[in-house]
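Only one structure is covered here, and it is reproduced in the block below.
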Amino acid sequence: MTDWLQFLFMGIQRGAIYAMVAMGFNMIYNATGIINFAQGEFVVLGGLMMVSLTMVMDFSIVFAFFLSVGFVTIVGILMERLTINPVRRPTVLRLIIITIAVSMLFKGSAMCFWGKGSHYMRHFTEAQPLEIMGATIMPQTLWIIGILILVVIGYVLFFNCTMTGKCMRACAINRDAARLAGINDRRMVMLSFALSAAIGAIAGIIITPLIQMDYARGALLGLKGFGAAVIGGLGNSMGAVAAGLLLGTIEAMAGGYISSHYMDAIALVIMLVVLFARPGGLFGSSEEVRLKEF
Amino acid sequence: MKIRLLSAVTAALLIVFSAGSLQAEQKEAYHIGGVFSITGSAAWLGEPERNTVKMIAEEINAKGGINGHKLVLHIEDTQGSNTRAVNAVRKLIKKDKVCAIIGPSRSGTSLATVPVVEKAEIPMLSCAAAASIVNPPEERRWVFKMGQNDSDAVRRIYEHMKKNGIKKIGILTGTTGFGDAGRSQLKELADKYGIEIVADETYGPGDTDMTAQLIRIRKTDAKAVVNWSIVPAQSIVPKNMKQLNMQILLYQSHGFANHKYAEAAGKAAEGSIFPSGRIMATETVPEDHPQKKVLEAYKKAYESTYNEKVTTFGGHAYDAIWIIAKALEKVGDDDPEKIRNAIENMEFVGISGIFNFSKDDHCGLDKDDFEMITIKDGKFVVLGQ
């Protein structure tokens with residue numbers, strides 16, 4: 001029986017996207033304490049930009065990849081500079097409402113630029129399925145898994161081995177203390193938006209060949225990623241990756257062994273159980289939760 | 001106060017009369033309403049419908065209108081929402097005084113507006129598909145429908161299966177309204193055609209991989225798969241089937257009849273079979289088919305005007321506006337009651353099929369207006385009998 005392996009591949013593929021979206025949520029949450037509702041829109045913008053560059057302008061995949069990520073990163077920076085930074089008394093609620101407004105703005109602009117239809121993009125490499133121990137896997141799925149691993153490695157290196165990364169962590173732990181130590185916390189907020197936009201864009205780019213991107217997909221993509229972030233413990237990015245992969249795999253197994261009708265319901269039930277049993281998420285500490293504003 | 005009111009009324013009357021006398025010289029225009037989901041989640045339905053209606057109205061007006069009366073369109077956007085659709089229809093009837101309404105685009109919005117037009121007694125030609133829009137006929141005196149019934153698509157698929165000796169099937173449907181409706185029709189009609197559904201699976205509009213569902217179907221002795229959805233996710237199904245090396249036949253719904261979906265599914269969709277309006281395979285419709293000329297003319301006009309491919313949805317709007325135009329021409333008047341009666345007794349060769357309206361049938365299409373289509377070298381081709 002190789003069915004379980006096939007379900008596992010499917011689960012990891014689903015989960016990889018949840019994980020990357022969740023990482024984006026966490027990055028901004030750590031820097032500002034808010035949930036960025038425009039996170040799904042970063043994913044959409046990355047995907048749509050990639051479609052335009054590869055399918056319309058015929059750039060190579062690698063070049064288009066970096067150009068799309070760069071574009072969305074700039075969008076993320078602009079979002080922070082123009083809408084988050086100028087707010088005088090930034091309360092959590094106020095900032096969240098701003099991100100909702102920005103998500104609508106992104107969605108509307110994407111509709112104007114790319115139209116209302118869905119956009120198809122070819123796979124990164126040959127779309128011939130590979131056979132592994134009786135189960136089959138699309139090369140695109142391997143790309144998704146590979147890129148997730150690279151993003152996680154890059155994330156760990158950045159936050160543990162670079163000065164800027166350490167400053168960002170310091171800000172996340174205690175913003176006032178970090179400021180006293182001479183860290184420019186506002187710049188760190190901007191940086192968090194840039195990185196979170198970049199990760200969102202990468203998620204959008206690698207998923208687009210499989211799903212066909214359209215302007216209205218952001219909310220749907222953001223929702224499951226948010227679920228993964230909550231299960232993993234808000235603010236804990238490695239927890240989010242584990243939770244994302246876990247969620248995807250459980251969904252796929254449930255779909256395969258129980259019934260596909262209950263796939264989404266099972267994911268939600270798990271989320272509720274986790275929130276009841278461990279409000280800090282699977283990998284977060286409950287003491288930390290009590291100290292947080294939101 | 002009284003004098004002021006009186007003078008205002010007089011002024012208003014004067015304006016109305018002078019406008020009336022000005023227009024009388026070139027005959028009063030006929031006002032037609034259009035209610036489409038031009039933006040929002042069903043924008044891909046409403047946009048081609050709006051484009052088509054505008055194009056045809058311009059064409060009619062360029063030729064001097066209907067018996068010398070120009071057509072004036074009043075187009076409203078529902079954004080796919082029921083509340084907005086009801087408000088739009090109310091506005092068209094009360095403010096714009098339209099004599100007939102084209103749309104709405106979706107089944108939900110159409111059903112929501114039915115009571116409004118029934119009460120106001122204005123004919124409405126819905127561009128959606130659900131059978132309940134025109135049923136029961138005694139409560140739908142003023143409502144007509146341009147889209148084919150889902151159940152007829154199912155009938156065509158089952159007939160094809162029966163002819164090819166397929167008795168056991170697995171169904172895989174989307175969890176959107178379209179998919180749900182298809183799923184219940186597939187289940188309801190299976191017995192009648194001696195077909196047994198041995199696997200019943202679903203997928204969400206945001207899903208990226210359906211291998212788990214397909215493996216469940218593979219485990220049964222199903223001889224064919226029916227994939228029923230209208231969202232882009234359905235293009236993944238043929239690909240996953242190829243990935244899993246499943247050799248059984250793939251049937252899809254008329255929701256697959258969209259060039260973009262076929263392009264996304266690529267080679268994997270070759271040979272899959274689905275029912276669709278003939279407009280999607282215009283080139284391969286036989287020369288002597290009564291619809292051939294209409295199809296070619298509409299396809300050419302739409303594609304050269306808007307520089308995008310025709311869709312079956314635009315075809316519904318084409319049929320609606322021409323049916324109204326024909327009725328207006330015959331009646332020679334814009335009295336809603338007379339228009340309604342003219343439509344009810346009309347025969348019309350359109351894009352979606354040959355309409356044959358009657359007192360009990362306000363859809364006028366039957367299962368033969370669906371053509372079984374397959375994909376050959378990336379093109380939609382009529383499968384033939």
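Every chain in the structure tokens has a letter given in the order shown (A, B, ...), and although residue numbers restart at 1 in each chain, ligands are simply numbered from 1 in the order shown.
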
Please report as CSV every residue of chain A lying within 6 Å of chain B, along with the nearest atom pair and their distance in Å (one decimal), using only C-alpha atoms.
residue,atom,partner,partner_atom,distance
A:Phe7,CA,B:Ala212,CA,5.8
A:Tyr120,CA,B:Ala264,CA,5.7
A:Pro129,CA,B:Gln243,CA,5.5
A:Ile211,CA,B:Thr208,CA,5.8
A:Gly256,CA,B:Ala212,CA,4.6
A:Ser260,CA,B:Thr202,CA,5.7
A:His261,CA,B:Thr202,CA,5.7

Shell around A:Thr83 at 12 Å using only C-alpha atoms, local window under 3 positions removed, as a PyMOL selection string: chain A and resi 75-80+86-88+90+94-103+105+190+193

Using N, CA and C atoms, can you export the residues from the last selection as an mmCIF file, in the first residue's frame?
data_model
loop_
_atom_site.group_PDB
_atom_site.id
_atom_site.type_symbol
_atom_site.label_atom_id
_atom_site.label_comp_id
_atom_site.auth_asym_id
_atom_site.auth_seq_id
_atom_site.Cartn_x
_atom_site.Cartn_y
_atom_site.Cartn_z
ATOM 1 N N VAL A 75 6.432 46.646 -2.745
ATOM 2 C CA VAL A 75 5.036 46.914 -2.386
ATOM 3 C C VAL A 75 4.871 46.850 -0.872
ATOM 4 N N GLY A 76 5.505 45.835 -0.248
ATOM 5 C CA GLY A 76 5.428 45.683 1.208
ATOM 6 C C GLY A 76 6.028 46.883 1.923
ATOM 7 N N ILE A 77 7.198 47.350 1.433
ATOM 8 C CA ILE A 77 7.852 48.502 2.056
ATOM 9 C C ILE A 77 6.971 49.746 1.919
ATOM 10 N N LEU A 78 6.419 49.927 0.718
ATOM 11 C CA LEU A 78 5.556 51.093 0.492
ATOM 12 C C LEU A 78 4.346 51.039 1.414
ATOM 13 N N MET A 79 3.791 49.831 1.569
ATOM 14 C CA MET A 79 2.620 49.684 2.436
ATOM 15 C C MET A 79 2.975 50.168 3.843
ATOM 16 N N GLU A 80 4.129 49.769 4.352
ATOM 17 C CA GLU A 80 4.512 50.151 5.709
ATOM 18 C C GLU A 80 4.778 51.651 5.786
ATOM 19 N N PRO A 86 3.032 56.315 9.236
ATOM 20 C CA PRO A 86 2.550 57.664 9.573
ATOM 21 C C PRO A 86 1.494 57.700 10.680
ATOM 22 N N VAL A 87 0.989 56.552 11.127
ATOM 23 C CA VAL A 87 -0.079 56.573 12.133
ATOM 24 C C VAL A 87 0.465 57.121 13.450
ATOM 25 N N ARG A 88 -0.238 58.095 14.010
ATOM 26 C CA ARG A 88 0.319 58.779 15.181
ATOM 27 C C ARG A 88 0.280 57.934 16.438
ATOM 28 N N PRO A 90 -0.378 54.411 17.201
ATOM 29 C CA PRO A 90 -0.678 53.104 16.619
ATOM 30 C C PRO A 90 -1.203 52.109 17.648
ATOM 31 N N ARG A 94 -6.381 49.828 15.401
ATOM 32 C CA ARG A 94 -6.250 50.803 14.325
ATOM 33 C C ARG A 94 -5.410 50.230 13.185
ATOM 34 N N LEU A 95 -4.278 49.633 13.555
ATOM 35 C CA LEU A 95 -3.381 49.097 12.529
ATOM 36 C C LEU A 95 -4.028 47.943 11.765
ATOM 37 N N ILE A 96 -4.777 47.117 12.495
ATOM 38 C CA ILE A 96 -5.425 45.985 11.817
ATOM 39 C C ILE A 96 -6.437 46.490 10.803
ATOM 40 N N ILE A 97 -7.192 47.515 11.196
ATOM 41 C CA ILE A 97 -8.175 48.062 10.256
ATOM 42 C C ILE A 97 -7.466 48.625 9.029
ATOM 43 N N ILE A 98 -6.295 49.231 9.256
ATOM 44 C CA ILE A 98 -5.536 49.741 8.110
ATOM 45 C C ILE A 98 -5.143 48.603 7.170
ATOM 46 N N THR A 99 -4.693 47.483 7.753
ATOM 47 C CA THR A 99 -4.280 46.389 6.860
ATOM 48 C C THR A 99 -5.469 45.838 6.078
ATOM 49 N N ILE A 100 -6.650 45.858 6.687
ATOM 50 C CA ILE A 100 -7.836 45.394 5.946
ATOM 51 C C ILE A 100 -8.082 46.314 4.753
ATOM 52 N N ALA A 101 -7.979 47.616 5.013
ATOM 53 C CA ALA A 101 -8.190 48.580 3.929
ATOM 54 C C ALA A 101 -7.160 48.375 2.829
ATOM 55 N N VAL A 102 -5.896 48.185 3.228
ATOM 56 C CA VAL A 102 -4.850 48.005 2.225
ATOM 57 C C VAL A 102 -5.096 46.733 1.416
ATOM 58 N N SER A 103 -5.589 45.679 2.075
ATOM 59 C CA SER A 103 -5.844 44.441 1.335
ATOM 60 C C SER A 103 -6.898 44.673 0.259
ATOM 61 N N LEU A 105 -7.450 47.507 -1.214
ATOM 62 C CA LEU A 105 -6.798 48.329 -2.235
ATOM 63 C C LEU A 105 -5.976 47.446 -3.177
ATOM 64 N N MET A 190 9.591 48.286 9.271
ATOM 65 C CA MET A 190 9.606 48.335 7.808
ATOM 66 C C MET A 190 10.228 47.059 7.247
ATOM 67 N N PHE A 193 7.907 44.140 7.270
ATOM 68 C CA PHE A 193 6.942 44.163 6.160
ATOM 69 C C PHE A 193 7.617 43.710 4.869
#

Picked from stretch 145-369 of chain B by DSSP as strand (DSSP E), as a ChimeraX atom specification: /B:145,168-174,196-203,224-228,249-252,273-276,347-349,354-356

Interatomic distance, atom CA of B:Ala100 to atom CA of B:Ile32 (Å, one decimal):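 One can read the atom CA of B:Ala100 to atom CA of B:Ile32 distance as 5.4 Å.
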
Selection: 10 Å around A:Asn184, only C-alpha atoms, excl. self and same-chain fewer than 5 positions, as a list in words: Cys167, Met168, Cys171, Arg175, Ala178, Arg179 and Val189 of chain A

Please produce a file of those selected residues containing C-alpha atoms, as a tab-separated table (two decimals), in the first residue's frame.
chain	number	residue	atom	x	y	z
A	167	CYS	CA	17.96	43.45	16.21
A	168	MET	CA	14.62	42.34	14.81
A	171	CYS	CA	12.43	44.29	18.96
A	175	ARG	CA	10.44	46.93	21.83
A	178	ALA	CA	15.48	47.39	22.17
A	179	ARG	CA	14.97	51.08	21.53
A	189	VAL	CA	8.96	47.33	11.41

8 Å contact set for stretch 354-369 of chain B, only C-alpha atoms, chain neighbours under 5 positions out, as number ranges by chain: B: 134, 137-138, 143-149, 152-153, 155-156, 277-278, 291, 343-349

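Distance check against B:Ser151 using only C-alpha atoms: of B:Pro115, B:Pro275, B:Gly182, B:Pro336, the minimum falls on B:Gly182.
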
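Taking only C-alpha atoms into account, B:Arg218 lies nearest to B:Gly170 out of the set B:Gly332, B:Gly64, B:Pro136, B:Gly170.
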